[in-house]
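The file upload.cif comes next; it holds mmCIF, C-alpha atoms and all ligand atoms.
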```cif
data_entry
#
loop_
_atom_site.label_atom_id
_atom_site.label_comp_id
_atom_site.auth_asym_id
_atom_site.auth_seq_id
_atom_site.Cartn_x
_atom_site.Cartn_y
_atom_site.Cartn_z
CA MET A 1 0.00 0.00 0.00
CA LEU A 2 1.24 3.53 -0.76
CA LYS A 3 2.19 5.65 2.27
CA GLU A 4 -0.68 8.07 1.55
CA GLU A 5 -3.19 5.23 1.37
CA THR A 6 -1.89 3.79 4.66
CA ILE A 7 -2.26 7.17 6.38
CA ILE A 8 -5.84 7.49 5.06
CA ALA A 9 -6.68 3.89 6.07
CA ASP A 10 -5.30 4.35 9.60
CA TRP A 11 -7.09 7.70 10.06
CA SER A 12 -10.38 6.25 8.69
CA ALA A 13 -10.21 3.23 11.01
CA ASP A 14 -9.77 5.52 14.03
CA MET A 15 -12.61 7.83 12.90
CA TYR A 16 -14.88 4.78 12.40
CA GLU A 17 -14.12 3.67 15.96
CA LEU A 18 -14.88 7.14 17.34
CA ASP A 19 -18.04 7.76 15.30
CA GLU A 20 -19.74 4.44 14.72
CA THR A 21 -20.48 3.35 18.24
CA GLU A 22 -24.13 2.34 17.98
CA THR A 23 -25.13 -0.97 19.56
CA TYR A 24 -28.91 -1.11 18.94
CA ASP A 25 -28.45 -2.90 15.59
CA VAL A 26 -26.31 -5.56 17.30
CA GLU A 27 -28.83 -5.97 20.13
CA PHE A 28 -31.63 -6.42 17.59
CA MET A 29 -29.56 -8.93 15.64
CA LEU A 30 -28.85 -10.92 18.81
CA SER A 31 -32.57 -11.05 19.59
CA CYS A 32 -33.25 -12.42 16.08
CA LEU A 33 -30.48 -15.03 16.34
CA GLY A 34 -31.70 -16.49 19.65
CA THR A 35 -29.63 -17.82 22.52
CA THR A 36 -28.60 -21.23 21.13
CA PRO A 37 -24.88 -20.87 20.21
CA LYS A 38 -24.38 -20.71 16.47
CA ARG A 39 -21.51 -20.71 14.00
CA ILE A 40 -21.63 -17.25 12.43
CA LEU A 41 -19.71 -15.65 9.56
CA GLU A 42 -19.70 -11.86 9.34
CA ILE A 43 -18.95 -10.44 5.90
CA ALA A 44 -16.99 -7.17 6.10
CA CYS A 45 -16.59 -7.31 9.87
CA GLY A 46 -14.46 -4.14 9.93
CA SER A 47 -13.18 -3.38 13.42
CA GLY A 48 -15.39 -5.99 15.09
CA ARG A 49 -18.23 -3.66 16.17
CA ILE A 50 -20.69 -6.50 15.49
CA LEU A 51 -18.35 -9.51 15.50
CA VAL A 52 -17.09 -9.09 19.07
CA PRO A 53 -20.54 -8.74 20.72
CA LEU A 54 -21.69 -11.85 18.82
CA ALA A 55 -18.73 -13.73 20.30
CA ASN A 56 -19.43 -12.26 23.75
CA ALA A 57 -22.97 -13.63 23.44
CA GLY A 58 -21.53 -17.15 23.10
CA HIS A 59 -21.62 -17.65 19.33
CA THR A 60 -18.58 -18.99 17.46
CA VAL A 61 -17.77 -16.23 15.02
CA ALA A 62 -15.52 -15.62 12.04
CA GLY A 63 -15.05 -12.30 10.26
CA LEU A 64 -13.73 -11.32 6.85
CA ASP A 65 -12.61 -7.83 5.82
CA MET A 66 -10.23 -6.34 3.26
CA ASP A 67 -9.01 -3.49 5.46
CA GLU A 68 -6.03 -4.36 7.68
CA ALA A 69 -6.31 -1.11 9.66
CA MET A 70 -9.89 -2.01 10.62
CA LEU A 71 -9.02 -5.63 11.49
CA ARG A 72 -6.15 -4.43 13.73
CA LYS A 73 -8.78 -2.96 16.09
CA ILE A 74 -10.24 -6.40 16.87
CA PRO A 75 -7.57 -8.09 19.10
CA ALA A 76 -7.85 -5.54 21.92
CA LYS A 77 -11.64 -5.99 21.99
CA ALA A 78 -11.49 -9.78 21.70
CA GLU A 79 -9.00 -10.43 24.51
CA GLY A 80 -9.83 -13.61 26.39
CA LEU A 81 -12.28 -14.88 23.77
CA ASP A 82 -11.47 -18.22 22.12
CA ASN A 83 -14.60 -18.32 19.94
CA ILE A 84 -13.62 -15.57 17.48
CA THR A 85 -11.41 -15.54 14.37
CA TRP A 86 -10.92 -13.04 11.57
CA ARG A 87 -8.86 -12.82 8.42
CA ILE A 88 -8.12 -10.39 5.64
CA ALA A 89 -10.14 -11.15 2.51
CA ASP A 90 -11.84 -9.47 -0.40
CA VAL A 91 -15.30 -10.92 0.11
CA ILE A 92 -16.20 -10.57 -3.58
CA VAL A 93 -13.30 -12.67 -4.85
CA ASP A 94 -12.01 -14.73 -1.90
CA ASP A 95 -13.36 -17.91 -0.35
CA TRP A 96 -15.81 -17.64 2.58
CA GLY A 97 -15.55 -21.19 3.93
CA THR A 98 -18.53 -23.46 4.62
CA GLY A 99 -20.73 -24.93 7.33
CA TYR A 100 -22.10 -21.75 8.91
CA ASP A 101 -25.46 -21.52 10.67
CA VAL A 102 -25.67 -17.79 9.96
CA VAL A 103 -24.06 -15.38 7.49
CA VAL A 104 -24.30 -11.72 8.52
CA ILE A 105 -24.18 -8.88 5.98
CA ALA A 106 -24.96 -5.90 8.20
CA GLY A 107 -23.82 -2.40 9.15
CA ASN A 108 -25.06 -1.19 5.73
CA PHE A 109 -22.27 -3.16 4.00
CA LEU A 110 -24.61 -3.97 1.09
CA MET A 111 -24.40 -0.27 0.15
CA ASN A 112 -20.66 0.06 0.81
CA ILE A 113 -18.99 -2.77 -1.08
CA VAL A 114 -15.59 -1.85 -2.52
CA SER A 115 -15.02 -3.95 -5.61
CA LYS A 116 -13.85 -3.87 -9.19
CA GLU A 117 -17.23 -5.40 -10.01
CA GLY A 118 -20.00 -2.87 -10.53
CA PRO A 119 -21.84 -2.14 -7.25
CA GLU A 120 -25.01 -3.95 -8.33
CA ARG A 121 -23.15 -7.05 -9.51
CA ALA A 122 -21.15 -7.07 -6.25
CA GLN A 123 -24.41 -7.06 -4.24
CA LYS A 124 -25.67 -10.05 -6.20
CA VAL A 125 -22.33 -11.87 -5.74
CA LEU A 126 -22.72 -11.55 -1.96
CA LEU A 127 -26.06 -13.36 -2.04
CA GLU A 128 -24.65 -16.00 -4.41
CA LYS A 129 -21.68 -16.62 -2.09
CA ALA A 130 -23.84 -16.83 1.04
CA LYS A 131 -25.53 -20.00 -0.22
CA PRO A 132 -22.51 -22.39 -0.28
CA ALA A 133 -21.20 -20.87 2.97
CA LEU A 134 -24.35 -21.89 4.86
CA LYS A 135 -25.57 -25.24 6.14
CA PRO A 136 -28.98 -26.28 4.72
CA GLY A 137 -31.55 -24.43 6.81
CA GLY A 138 -28.96 -21.77 7.68
CA MET A 139 -29.85 -18.10 7.87
CA LEU A 140 -28.70 -15.07 5.93
CA TYR A 141 -29.08 -11.88 7.98
CA ILE A 142 -29.02 -8.64 6.00
CA ASP A 143 -29.30 -5.13 7.47
CA TYR A 144 -28.97 -2.02 5.33
CA ASN A 145 -30.25 1.56 5.01
CA TYR A 146 -33.58 1.46 3.22
CA THR A 147 -36.07 4.09 2.24
CA PHE A 148 -39.09 4.44 -0.02
CA TYR A 149 -37.61 7.79 -1.07
CA PRO A 150 -33.97 7.31 -2.19
CA GLU A 151 -34.03 10.54 -4.19
CA GLN A 152 -34.62 12.43 -0.92
CA TRP A 153 -31.90 10.54 0.95
CA TYR A 154 -29.16 10.53 -1.63
CA VAL A 155 -29.35 13.79 -3.55
CA HIS A 156 -27.05 16.30 -1.82
CA PRO A 157 -25.48 19.08 -3.87
CA GLY A 158 -22.41 20.60 -2.19
CA GLU A 159 -20.20 19.19 0.55
CA ARG A 160 -20.92 17.39 3.80
CA VAL A 161 -18.35 16.64 6.48
CA ILE A 162 -18.68 12.97 7.43
CA TRP A 163 -15.70 12.57 9.77
CA GLU A 164 -13.46 15.13 11.41
CA GLY A 165 -10.79 14.52 14.02
CA THR A 166 -7.30 13.44 15.00
CA ASP A 167 -6.19 9.81 15.01
CA SER A 168 -3.83 7.90 17.30
CA HIS A 169 -0.86 8.76 15.02
CA GLY A 170 -1.59 12.49 15.28
CA THR A 171 -3.02 12.77 11.76
CA SER A 172 -5.85 15.27 11.78
CA GLY A 173 -8.39 16.49 9.26
CA ARG A 174 -11.69 15.58 7.71
CA MET A 175 -13.45 13.43 5.16
CA LEU A 176 -16.22 14.99 3.08
CA LEU A 177 -18.84 13.64 0.70
CA CYS A 178 -19.38 15.95 -2.27
CA ASP A 179 -22.18 16.34 -4.81
CA SER A 180 -24.14 13.17 -4.21
CA THR A 181 -26.59 12.33 -7.01
CA TYR A 182 -29.15 9.55 -7.42
CA ASP A 183 -30.32 8.09 -10.73
CA GLY A 184 -33.77 6.57 -10.23
CA ALA A 185 -33.54 4.54 -13.45
CA THR A 186 -30.33 2.68 -12.52
CA GLY A 187 -30.38 3.07 -8.72
CA LEU A 188 -26.82 4.44 -8.89
CA ILE A 189 -25.66 6.95 -6.27
CA ARG A 190 -22.60 8.90 -7.34
CA SER A 191 -20.48 11.16 -5.17
CA THR A 192 -16.89 12.16 -4.49
CA ARG A 193 -15.21 11.34 -1.20
CA ARG A 194 -12.53 13.85 -0.28
CA TYR A 195 -9.87 13.46 2.38
CA GLU A 196 -8.14 16.58 3.71
CA LEU A 197 -5.52 15.44 6.22
CA LYS A 198 -2.35 16.71 7.87
CA THR A 199 0.06 14.25 9.49
CA ALA A 200 1.84 14.81 12.82
CA THR A 201 4.97 15.74 10.84
CA GLY A 202 3.08 18.37 8.81
CA GLU A 203 2.64 16.41 5.56
CA LYS A 204 -0.58 17.46 3.80
CA ILE A 205 -2.82 14.97 2.00
CA ARG A 206 -5.74 15.88 -0.21
CA LYS A 207 -7.28 12.95 -2.04
CA GLU A 208 -10.50 12.71 -4.01
CA MET A 209 -12.07 9.35 -4.73
CA PRO A 210 -15.13 8.91 -6.94
CA SER A 211 -17.75 6.66 -5.39
CA VAL A 212 -20.55 4.76 -7.12
CA LYS A 213 -23.04 2.85 -4.99
CA HIS A 214 -26.20 1.00 -5.88
CA PHE A 215 -29.46 1.45 -4.00
CA VAL A 216 -31.01 -1.99 -4.11
CA LYS A 217 -34.79 -2.06 -3.94
CA LEU A 218 -36.51 -4.62 -1.78
CA GLU A 219 -38.19 -6.35 -4.73
CA GLN A 220 -34.76 -6.90 -6.29
CA ILE A 221 -33.35 -8.43 -3.09
CA HIS A 222 -36.42 -10.66 -2.85
CA THR A 223 -35.87 -11.89 -6.41
CA TRP A 224 -32.15 -12.53 -5.83
CA LEU A 225 -32.86 -14.39 -2.58
CA ALA A 226 -35.50 -16.58 -4.23
CA GLU A 227 -33.06 -17.37 -7.09
CA GLU A 228 -30.50 -18.62 -4.55
CA GLY A 229 -33.07 -20.77 -2.71
CA PHE A 230 -33.73 -18.50 0.29
CA ARG A 231 -37.12 -18.02 1.94
CA ILE A 232 -37.71 -14.82 3.88
CA LYS A 233 -38.54 -15.69 7.46
CA ASN A 234 -38.77 -12.18 8.89
CA GLU A 235 -38.37 -8.68 7.59
CA TYR A 236 -38.23 -5.47 9.62
CA GLY A 237 -37.97 -1.75 8.88
CA ASP A 238 -36.37 -0.67 12.15
CA TYR A 239 -34.88 -1.94 15.40
CA ALA A 240 -38.25 -1.79 17.14
CA GLY A 241 -39.35 -4.64 14.86
CA ASN A 242 -41.82 -2.60 12.79
CA PRO A 243 -42.52 -3.68 9.21
CA ILE A 244 -40.78 -1.83 6.37
CA SER A 245 -42.88 1.23 5.53
CA GLU A 246 -42.72 4.84 4.40
CA ALA A 247 -41.80 5.74 7.96
CA THR A 248 -38.90 3.29 8.48
CA GLY A 249 -35.24 3.58 7.50
CA ARG A 250 -33.80 0.06 7.39
CA ALA A 251 -34.30 -3.25 5.64
CA ILE A 252 -33.50 -6.05 8.07
CA ILE A 253 -34.02 -9.40 6.39
CA CYS A 254 -33.76 -12.88 7.96
CA ALA A 255 -33.77 -15.37 5.09
CA VAL A 256 -33.53 -19.16 5.48
CA LEU A 257 -31.76 -21.40 2.98
CA THR A 258 -34.32 -23.95 1.88
CA GLU A 259 -32.29 -25.63 -0.91
CA ALA A 260 -28.90 -27.33 -0.47
C1 LIG A 301 -19.15 0.40 7.04
S1 LIG A 301 -17.86 -0.76 7.46
C2 LIG A 301 -18.85 -1.97 8.30
C3 LIG A 301 -18.06 -2.78 9.27
C4 LIG A 301 -18.90 -3.64 10.19
N1 LIG A 301 -19.74 -4.58 9.47
C5 LIG A 301 -19.75 -2.77 11.09
O1 LIG A 301 -20.97 -2.72 10.90
O2 LIG A 301 -19.20 -2.10 11.96
C6 LIG A 301 -17.59 -1.45 5.90
C7 LIG A 301 -16.45 -2.45 5.86
O3 LIG A 301 -16.52 -3.10 4.60
C8 LIG A 301 -15.20 -3.46 4.23
N2 LIG A 301 -15.20 -3.81 2.80
C9 LIG A 301 -15.61 -3.06 1.76
N3 LIG A 301 -15.50 -3.76 0.61
C10 LIG A 301 -14.98 -4.98 0.94
C11 LIG A 301 -14.62 -6.13 0.20
N4 LIG A 301 -14.78 -6.19 -1.13
N5 LIG A 301 -14.11 -7.19 0.88
C12 LIG A 301 -13.94 -7.15 2.21
N6 LIG A 301 -14.27 -6.09 2.96
C13 LIG A 301 -14.78 -5.01 2.35
C14 LIG A 301 -14.40 -2.23 4.60
O4 LIG A 301 -13.04 -2.55 4.70
C15 LIG A 301 -15.06 -1.83 5.92
O5 LIG A 301 -14.37 -2.37 7.02
#
```

As structure tokens, please, write out the structure in this file.
Amino acid sequence: MLKEETIIADWSADMYELDETETYDVEFMLSCLGTTPKRILEIACGSGRILVPLANAGHTVAGLDMDEAMLRKIPAKAEGLDNITWRIADVIVDDWGTGYDVVVIAGNFLMNIVSKEGPERAQKVLLEKAKPALKPGGMLYIDYNYTFYPEQWYVHPGERVIWEGTDSHGTSGRMLLCDSTYDGATGLIRSTRRYELKTATGEKIRKEMPSVKHFVKLEQIHTWLAEEGFRIKNEYGDYAGNPISEATGRAIICAVLTEA
């Protein structure tokens, strides 16, 4: 990795830790999974925000993520646990393993896949790869940002500061999202992510990265799941367990693999 990319990755991992501290999605997930210990694979486990609480709850968990700086946050949180493993992997191209009771694709990862594949194809690949990773009867748990009104959520002219702060290496600055657009015909959300950082030694970094995401409609997920042999067991629109509606902001899907 280039030095600049390493600095951005380290700063981003620290900002994620500082900013993304919610636990209500994990608590809801745990209530859906039940108390019987399960073998769980989390796709894109990041810094272990979800993975570690699943292990603490008694499940045997494995996590995959492509970002070393994020994975490096896990050992300190997982001290004393012998039911947790993680490894670096690109979840679109690398092997997931087999024999899991549950595959988790949460924390809005469905909308944030980094891949050379187009964003829509990458989403479909995730559902295709979940099938051989699961035992027959196993469950795929998906949780992502969902709205009936994507054009209201994703169209933002101008700049928005997403993260701002100083990391453990003394690098300080901010990350902005600029000029977000949404194309209703393709579901594509385009924006530019800009990093403006200054290292502890005074080195300045300004990096712009184009971002293309795909807003996947519920009907499309339903079709993909059916094609892979999944049956939807439960579906929720928020962490209070309400159905998906105009008023809710998530799609939380528990789908059971009915075909081997
Ligand atoms: C928003 S974080 C979510 C982390 C975790 N699931 C959570 O909810 O806290 C997204 C993670 O996806 C990972 N990621 C993105 N594309 C990936 C890919 N193709 N393979 C593996 N990990 C990927 C990033 O490295 C990042 O850690």

task = Select, from A:Ser180, A:Leu41, A:Ser168, A:Thr60, the residue with the minimum atom-to-atom distance to Ala133 (chain A), counting all atoms listed in the file.
result =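 Of the candidates, the smallest distance to Ala133 (chain A) is held by A:Leu41.
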
Exercise: region 35-38 of chain A partners within 8 Å, all atoms listed in the file, chain neighbours under 3 positions left out, as a ChimeraX atom specification = /A:30-31,57-60,100-102

request  = Go through A:Leu18, A:Ile232, A:Ala44, A:Leu177 one by one, measure the shortest atom-to-atom distance of each to ligand LIG 301 (chain A) using only C-alpha atoms and all ligand atoms, and give the residue with the smallest value.
outcome  = A:Ala44

message = Let me make sure I understand: among A:Ala89, A:Ala185, A:Ala55, A:Ile142, which one has the smallest atom-to-atom distance to ligand LIG 301 (chain A) if we use all atoms listed in the file?
response = A:Ala89

inquiry  = Could you list the protein, DNA and RNA residues that have any atom within 9 Å of ligand LIG 301 (chain A), counting all atoms listed in the file, and write them as a PyMOL selection string?
reply    = chain A and resi 13+16-17+20-22+25-26+42-51+64-71+88-94+104-116+122

message = Which residue is closest to Val256 (chain A)? Choose from A:Leu134, A:Gly158, A:Asn242, A:Trp153 and count all atoms listed in the file.
response = A:Leu134

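Note that the spacing between CA of Leu81 (chain A) and CA of Tyr239 (chain A) amounts to 27.4 Å.
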
inquiry  = Just to confirm, what's the straight-line distance from CA of Asn145 (chain A) to CA of Ile221 (chain A) in Å (one decimal)?
reply    =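 CA of Ile221 (chain A) lies 13.2 Å from CA of Asn145 (chain A).
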
query = Which neighbours of Cys178 (chain A) fall inside 12 Å, counting all atoms listed in the file, when residues of the same chain fewer than 2 positions from it are skipped, and could you give them as a PyMOL selection string?
reply = chain A and resi 154-162+175-176+180-181+189-195+208-211

task = Record the distance separating CA of Met15 (chain A) and CA of Leu54 (chain A), expressed in Å with one decimal.
result = 22.5 Å

query = Closest to Pro136 (chain A) among A:Gly229, A:Gly165, A:Gly170, A:Gly80, using all atoms listed in the file?
reply =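 Nearest to Pro136 (chain A): A:Gly229.
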
request  = Have a look at A:Ala200, A:Ala9, A:Val103, A:Ile205 and name the one nearest to Asp143 (chain A); count all atoms listed in the file.
outcome  =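 Closest to Asp143 (chain A) of all the choices is A:Val103.
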
query = Can you list, as number ranges by chain, every protein, DNA or RNA residue that comes within 12 Å of Tyr149 (chain A) when you count all atoms listed in the file, leaving out same-chain residues fewer than 4 positions away?
reply = A: 145, 153-155, 182, 184, 187, 215, 217, 245-249

With C-alpha atoms kept, could you save the residues just selected as an mmCIF file, keeping the file's coordinate frame?
```
data_model
loop_
_atom_site.group_PDB
_atom_site.id
_atom_site.type_symbol
_atom_site.label_atom_id
_atom_site.label_comp_id
_atom_site.auth_asym_id
_atom_site.auth_seq_id
_atom_site.Cartn_x
_atom_site.Cartn_y
_atom_site.Cartn_z
ATOM 1 C CA ASN A 145 -30.250 1.560 5.010
ATOM 2 C CA TRP A 153 -31.900 10.540 0.950
ATOM 3 C CA TYR A 154 -29.160 10.530 -1.630
ATOM 4 C CA VAL A 155 -29.350 13.790 -3.550
ATOM 5 C CA TYR A 182 -29.150 9.550 -7.420
ATOM 6 C CA GLY A 184 -33.770 6.570 -10.230
ATOM 7 C CA GLY A 187 -30.380 3.070 -8.720
ATOM 8 C CA PHE A 215 -29.460 1.450 -4.000
ATOM 9 C CA LYS A 217 -34.790 -2.060 -3.940
ATOM 10 C CA SER A 245 -42.880 1.230 5.530
ATOM 11 C CA GLU A 246 -42.720 4.840 4.400
ATOM 12 C CA ALA A 247 -41.800 5.740 7.960
ATOM 13 C CA THR A 248 -38.900 3.290 8.480
ATOM 14 C CA GLY A 249 -35.240 3.580 7.500
#
```
